[in-house]
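**Student:** Take this structure, written in structure tokens, and hold onto it; I'll ask about it next.
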Amino acid sequence: MRKIGLIGGMSWYSTEFYYRRINKQVQRRANVMCSAPMILDNLNFCDLAKANTDQDWDRVAEVLVASAKRLEAGGATAILIGANSMHKVHDRVSAAVQVPVLHIADAVGQKMKTDGVESAALIGTRNVMAENWYRQRLVKHGVTLLPWEADDVEELDRIIYEELMAGQVVRNSERALKTMITEIDKDGADAVVLGCTELGMIVDTKANVLPIYDSAEIHADAGVDWIFGDAP
């Protein structure tokens, strides 16, 4: 098995999900005594959260590049960034190391392409939903994305940063997401992409009106494929 590196802490709740998912999948595919060869660099999200200006994002890139270099030096043969929003600096991180940095949107886009999904709605933090860098990455896999709604962006940003990043699962927010997904279904989407690694805390990915593509789950599974040599 190949060793994987995980840049975590953004937030640690989703990092915990990655760690558990990757190890369970390795155990399932190998045997019950196996666990994943993995290196985790858990960052302090206080230094990175709510980056807004170009200067802020330059600092984010510096922190993630340093993390990726530590993982590479520790023997990681590929790297996962365990947060959708932090993929805004993916290309700079990828250019700074010799090992692949597996892009979360590519993993999601490829799975939707395999499943024959033609249209989807993307929900997540403001920079994931409203900026082109993430949306274009999905579109290149052949999926059409519904336009984002400003009210949804505001509500999702509040839920993610005020509740989920603190590990809080609020019933009213669960209802709000159910309503949002029901409206997306009415707009004609084939699926919904959870473009935030914490949204699985309040969205039932197995029982909803539309297929739900949980980016954290799909990204973690891409890491498992790498570990077993199923990815190039």
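Residues are named by chain letter and number: chains run A, B, ... in the order of the structure tokens, numbers start at 1 in each chain, and ligands are numbered from 1 in the order shown.
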Applying 7 Å and only C-alpha atoms, which residues near A:Gly124 remain after dropping the ones on its own chain fewer than 6 positions away? List them as a ChimeraX atom specification.
**Tutor:** /A:156,194-196
**Student:** Near A:Gly75, within 9 Å and counting only C-alpha atoms, which residues show up once chain neighbours fewer than 5 positions away are dropped, as a PyMOL selection string?
**Tutor:** chain A and resi 3-5+39+70
**Student:** Write the selection just made, keeping C-alpha atoms, as a JSON list (two decimals), in the first residue's frame?
**Tutor:**
```json
[["chain", "number", "residue", "atom", "x", "y", "z"],
["A", 3, "LYS", "CA", 1.42, 6.15, 1.92],
["A", 4, "ILE", "CA", -1.03, 9.06, 1.76],
["A", 5, "GLY", "CA", -0.65, 12.51, 3.33],
["A", 39, "ILE", "CA", 0.61, 11.00, 7.63],
["A", 70, "ARG", "CA", 6.33, 18.33, 5.47]]
```
**Student:** Could you pull out the alpha helix (DSSP H) residues of stretch 103-200 of chain A, going by DSSP on the backbone, and write them as an MDAnalysis selection string?
**Tutor:** chainID A and resid 104:115 126:130 132:139 150:158 171:186
**Student:** Stretch 117-224 of chain A: which residues are strand (DSSP E) by DSSP, as number ranges by chain?
**Tutor:** A: 119-124, 144-145, 191-195, 212-214
**Student:** Output N, CA and C atoms of each residue in that selection to a file, as a compact mmCIF listing (two decimals), in the first residue's frame.
**Tutor:**
```
# COMPACT_ATOMS: atom_id res chain seq x y z
N SER A 119 -26.58 17.35 -14.65
CA SER A 119 -26.75 18.66 -14.02
C SER A 119 -26.76 18.51 -12.51
N ALA A 120 -26.24 19.51 -11.82
CA ALA A 120 -26.15 19.43 -10.36
C ALA A 120 -26.18 20.83 -9.78
N ALA A 121 -26.47 20.89 -8.50
CA ALA A 121 -26.35 22.13 -7.74
C ALA A 121 -25.20 21.96 -6.76
N LEU A 122 -24.40 22.98 -6.62
CA LEU A 122 -23.25 22.98 -5.73
C LEU A 122 -23.58 23.84 -4.52
N ILE A 123 -23.47 23.24 -3.32
CA ILE A 123 -23.68 24.02 -2.10
C ILE A 123 -22.45 23.89 -1.21
N GLY A 124 -22.13 24.99 -0.52
CA GLY A 124 -20.95 24.99 0.34
C GLY A 124 -20.68 26.39 0.85
N THR A 144 -23.37 20.19 -15.86
CA THR A 144 -23.86 21.57 -15.87
C THR A 144 -24.30 21.94 -14.46
N LEU A 145 -23.86 23.10 -13.98
CA LEU A 145 -24.20 23.52 -12.63
C LEU A 145 -25.30 24.57 -12.64
N ALA A 191 -28.64 16.11 -9.22
CA ALA A 191 -27.91 15.76 -8.00
C ALA A 191 -27.49 17.03 -7.26
N VAL A 192 -27.03 16.85 -6.03
CA VAL A 192 -26.50 17.94 -5.22
C VAL A 192 -25.09 17.58 -4.78
N VAL A 193 -24.17 18.51 -4.93
CA VAL A 193 -22.80 18.33 -4.46
C VAL A 193 -22.63 19.07 -3.14
N LEU A 194 -22.22 18.34 -2.10
CA LEU A 194 -21.89 18.98 -0.83
C LEU A 194 -20.46 19.48 -0.92
N GLY A 195 -20.32 20.76 -1.28
CA GLY A 195 -19.01 21.36 -1.47
C GLY A 195 -18.43 21.93 -0.20
N ILE A 212 -27.03 12.63 -3.41
CA ILE A 212 -26.13 13.57 -2.75
C ILE A 212 -24.69 13.11 -2.95
N TYR A 213 -23.86 13.99 -3.49
CA TYR A 213 -22.45 13.70 -3.68
C TYR A 213 -21.66 14.42 -2.58
N ASP A 214 -21.28 13.66 -1.57
CA ASP A 214 -20.57 14.20 -0.42
C ASP A 214 -19.08 14.29 -0.77
```
**Student:** Residues near A:Leu199, anyone? I mean within 12 Å using only C-alpha atoms, not counting same-chain ones fewer than 2 positions away, as a PDB file with C-alpha atoms, in the first residue's frame.
**Tutor:**
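Heads up, here's the output in result-v1.pdb:
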```
ATOM      1  CA  SER A  11     -12.011  21.793  10.519  1.00  0.00           C
ATOM      2  CA  TYR A  13     -14.427  17.480  12.544  1.00  0.00           C
ATOM      3  CA  SER A  14     -14.061  16.785   8.837  1.00  0.00           C
ATOM      4  CA  PHE A  17     -14.237  11.901   9.116  1.00  0.00           C
ATOM      5  CA  ALA A  83     -11.277  21.091   2.948  1.00  0.00           C
ATOM      6  CA  ASN A  84     -13.100  22.299  -0.168  1.00  0.00           C
ATOM      7  CA  LEU A 122     -23.248  22.982  -5.730  1.00  0.00           C
ATOM      8  CA  ILE A 123     -23.680  24.017  -2.100  1.00  0.00           C
ATOM      9  CA  GLY A 124     -20.946  24.986   0.336  1.00  0.00           C
ATOM     10  CA  THR A 125     -19.061  28.015   1.601  1.00  0.00           C
ATOM     11  CA  LEU A 156     -24.914  28.198   4.260  1.00  0.00           C
ATOM     12  CA  ASP A 157     -21.993  30.406   5.249  1.00  0.00           C
ATOM     13  CA  ILE A 159     -24.450  27.414   9.251  1.00  0.00           C
ATOM     14  CA  ILE A 160     -20.973  26.238   8.288  1.00  0.00           C
ATOM     15  CA  TYR A 161     -18.896  28.827  10.139  1.00  0.00           C
ATOM     16  CA  GLU A 163     -22.362  25.869  13.773  1.00  0.00           C
ATOM     17  CA  LEU A 164     -20.636  23.036  11.924  1.00  0.00           C
ATOM     18  CA  MET A 165     -17.095  24.337  12.452  1.00  0.00           C
ATOM     19  CA  GLY A 167     -19.330  20.695  15.904  1.00  0.00           C
ATOM     20  CA  GLN A 168     -22.914  21.868  16.462  1.00  0.00           C
ATOM     21  CA  VAL A 169     -25.752  20.043  14.706  1.00  0.00           C
ATOM     22  CA  VAL A 170     -28.810  22.286  14.898  1.00  0.00           C
ATOM     23  CA  SER A 173     -30.338  24.018  10.090  1.00  0.00           C
ATOM     24  CA  GLU A 174     -31.086  20.403   9.153  1.00  0.00           C
ATOM     25  CA  LEU A 177     -30.922  22.133   4.183  1.00  0.00           C
ATOM     26  CA  LYS A 178     -33.847  19.776   3.482  1.00  0.00           C
ATOM     27  CA  VAL A 192     -26.497  17.936  -5.222  1.00  0.00           C
ATOM     28  CA  VAL A 193     -22.795  18.326  -4.463  1.00  0.00           C
ATOM     29  CA  LEU A 194     -21.889  18.975  -0.828  1.00  0.00           C
ATOM     30  CA  GLY A 195     -19.012  21.360  -1.472  1.00  0.00           C
ATOM     31  CA  CYS A 196     -18.142  21.627   2.206  1.00  0.00           C
ATOM     32  CA  THR A 197     -16.590  18.736   4.099  1.00  0.00           C
ATOM     33  CA  MET A 201     -23.095  16.362   9.511  1.00  0.00           C
ATOM     34  CA  ILE A 202     -26.563  17.745   8.750  1.00  0.00           C
ATOM     35  CA  VAL A 203     -27.460  16.263   5.341  1.00  0.00           C
ATOM     36  CA  ASP A 204     -28.603  12.659   5.094  1.00  0.00           C
ATOM     37  CA  THR A 205     -26.628  11.511   2.069  1.00  0.00           C
ATOM     38  CA  ILE A 212     -26.133  13.571  -2.750  1.00  0.00           C
ATOM     39  CA  TYR A 213     -22.449  13.700  -3.679  1.00  0.00           C
ATOM     40  CA  ASP A 214     -20.566  14.201  -0.416  1.00  0.00           C
ATOM     41  CA  SER A 215     -17.205  15.702  -1.363  1.00  0.00           C
ATOM     42  CA  ALA A 216     -15.484  14.535   1.832  1.00  0.00           C
ATOM     43  CA  GLU A 217     -16.571  10.932   1.317  1.00  0.00           C
TER      44      GLU A 217
END
```
**Student:** Give me, please, the distance in Å between atom CA of A:Val209 and atom CA of A:Leu146, quoted to one decimal.
**Tutor:**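 Separation between atom CA of A:Val209 and atom CA of A:Leu146: 16.6 Å.
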**Student:** Given only C-alpha atoms as the basis, pick out the residue of A:Phe45, A:Trp12, A:Trp133, A:Phe228 nearest to A:Thr77.
**Tutor:** A:Phe228
**Student:** Pick from A:Ala78, A:Gln25, A:Ala220, A:Val63: nearest to A:Pro100, with only C-alpha atoms counted?
**Tutor:**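 Comparing A:Ala78, A:Gln25, A:Ala220, A:Val63 against A:Pro100, the winner is A:Ala78.
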**Student:** Do you have the atom CA of A:Lys113-atom CA of A:Arg28 distance handy?
**Tutor:**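 Calculated distance between atom CA of A:Lys113 and atom CA of A:Arg28 is 25.2 Å.
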**Student:** Of the residues A:Arg29, A:Arg175, A:Arg2, A:Lys50, which is the one nearest to A:Ile227, using only C-alpha atoms?
**Tutor:**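 Nearest to A:Ile227: A:Arg2.
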**Student:** Which one of A:Gly116, A:Lys88, A:Asp187, A:Leu80 sits closest to A:Leu102 if you count only C-alpha atoms?
**Tutor:**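 For A:Leu102, the nearest of the given residues is A:Leu80.
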**Student:** Would you mind listing what lies within 8 Å of A:Gly82 as a PyMOL selection string, with only C-alpha atoms counted and same-chain residues fewer than 5 positions away left out?
**Tutor:** chain A and resi 6-10+14-15+18+197+216
**Student:** Deliver the residues from the most recent selection as a file, using C-alpha atoms, as a PDB file, in the first residue's frame.
**Tutor:**
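Okay, this is what ended up in part_5.pdb:
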```
ATOM      1  CA  LEU A   6      -3.591  14.497   4.733  1.00  0.00           C
ATOM      2  CA  ILE A   7      -3.573  18.244   5.412  1.00  0.00           C
ATOM      3  CA  GLY A   8      -6.209  18.479   8.134  1.00  0.00           C
ATOM      4  CA  GLY A   9      -7.622  20.703  10.861  1.00  0.00           C
ATOM      5  CA  MET A  10      -9.923  22.644   8.495  1.00  0.00           C
ATOM      6  CA  SER A  14     -14.061  16.785   8.837  1.00  0.00           C
ATOM      7  CA  THR A  15     -10.482  15.594   9.395  1.00  0.00           C
ATOM      8  CA  TYR A  18     -11.398  11.537   6.579  1.00  0.00           C
ATOM      9  CA  THR A 197     -16.590  18.736   4.099  1.00  0.00           C
ATOM     10  CA  ALA A 216     -15.484  14.535   1.832  1.00  0.00           C
TER      11      ALA A 216
END
```
**Student:** For A:Glu154, which residue out of A:Leu71, A:Lys140, A:Pro37, A:Ala130 is the nearest one, using only C-alpha atoms?
**Tutor:**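 For A:Glu154, the nearest of the candidates is A:Ala130.
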**Student:** What's around A:Ser94 at 10 Å? Count only C-alpha atoms, leave out sequence neighbours fewer than 5 positions away in its own chain, and write the answer as a list in words.
**Tutor:**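 Near neighbours after the sequence-gap exclusion: Leu64, Val65, Ala68, Ile79, Val89, Val99, Pro100, Val101, Leu102 and His103 of chain A.
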**Student:** Take the residues just selected and output them with N, CA, C and O atoms as an mmCIF file, in the first residue's frame.
**Tutor:**
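After the write, again39.cif holds the following:
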```cif
data_model
loop_
_atom_site.group_PDB
_atom_site.id
_atom_site.type_symbol
_atom_site.label_atom_id
_atom_site.label_comp_id
_atom_site.auth_asym_id
_atom_site.auth_seq_id
_atom_site.Cartn_x
_atom_site.Cartn_y
_atom_site.Cartn_z
ATOM 1 N N LEU A 64 -0.263 26.121 3.545
ATOM 2 C CA LEU A 64 -0.541 24.813 2.953
ATOM 3 C C LEU A 64 0.656 24.259 2.179
ATOM 4 O O LEU A 64 0.879 23.044 2.173
ATOM 5 N N VAL A 65 1.415 25.127 1.543
ATOM 6 C CA VAL A 65 2.638 24.671 0.862
ATOM 7 C C VAL A 65 3.609 24.084 1.877
ATOM 8 O O VAL A 65 4.191 23.006 1.660
ATOM 9 N N ALA A 68 2.314 20.683 2.914
ATOM 10 C CA ALA A 68 2.512 19.677 1.876
ATOM 11 C C ALA A 68 3.969 19.236 1.811
ATOM 12 O O ALA A 68 4.266 18.041 1.637
ATOM 13 N N ILE A 79 -1.092 13.590 -1.723
ATOM 14 C CA ILE A 79 -1.591 14.442 -0.643
ATOM 15 C C ILE A 79 -3.051 14.797 -0.881
ATOM 16 O O ILE A 79 -3.473 15.062 -2.015
ATOM 17 N N VAL A 89 -6.230 27.376 -3.337
ATOM 18 C CA VAL A 89 -4.787 27.511 -3.540
ATOM 19 C C VAL A 89 -4.170 26.171 -3.953
ATOM 20 O O VAL A 89 -2.947 25.996 -3.876
ATOM 21 N N VAL A 99 4.914 15.273 -5.479
ATOM 22 C CA VAL A 99 3.885 14.220 -5.434
ATOM 23 C C VAL A 99 2.537 14.816 -5.812
ATOM 24 O O VAL A 99 2.319 16.030 -5.677
ATOM 25 N N PRO A 100 1.586 14.004 -6.296
ATOM 26 C CA PRO A 100 0.271 14.527 -6.665
ATOM 27 C C PRO A 100 -0.502 15.072 -5.460
ATOM 28 O O PRO A 100 -0.420 14.521 -4.361
ATOM 29 N N VAL A 101 -1.228 16.166 -5.677
ATOM 30 C CA VAL A 101 -2.173 16.689 -4.688
ATOM 31 C C VAL A 101 -3.557 16.467 -5.288
ATOM 32 O O VAL A 101 -3.949 17.147 -6.240
ATOM 33 N N LEU A 102 -4.270 15.479 -4.776
ATOM 34 C CA LEU A 102 -5.520 15.028 -5.395
ATOM 35 C C LEU A 102 -6.626 16.052 -5.162
ATOM 36 O O LEU A 102 -7.024 16.300 -4.025
ATOM 37 N N HIS A 103 -7.146 16.638 -6.230
ATOM 38 C CA HIS A 103 -8.127 17.728 -6.127
ATOM 39 C C HIS A 103 -9.509 17.168 -5.798
ATOM 40 O O HIS A 103 -10.004 16.250 -6.461
#
```
**Student:** Can you pull out the residues contacting A:Leu210? Cut-off 9 Å, using only C-alpha atoms, and skip same-chain residues under 5 positions away; I want them as a list of chain:residue names.
**Tutor:**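 That gives A:Ile181, A:Thr182, A:Ile184, A:Asp185, A:Ala189, A:Asp190, A:Ala191, A:Val192.
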**Student:** Considering only C-alpha atoms, can you say which of A:Ala207, A:Asp56, A:Gly229, A:Trp148 comes closest to A:Asn132?
**Tutor:**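 Among the listed residues, A:Trp148 lies closest to A:Asn132.
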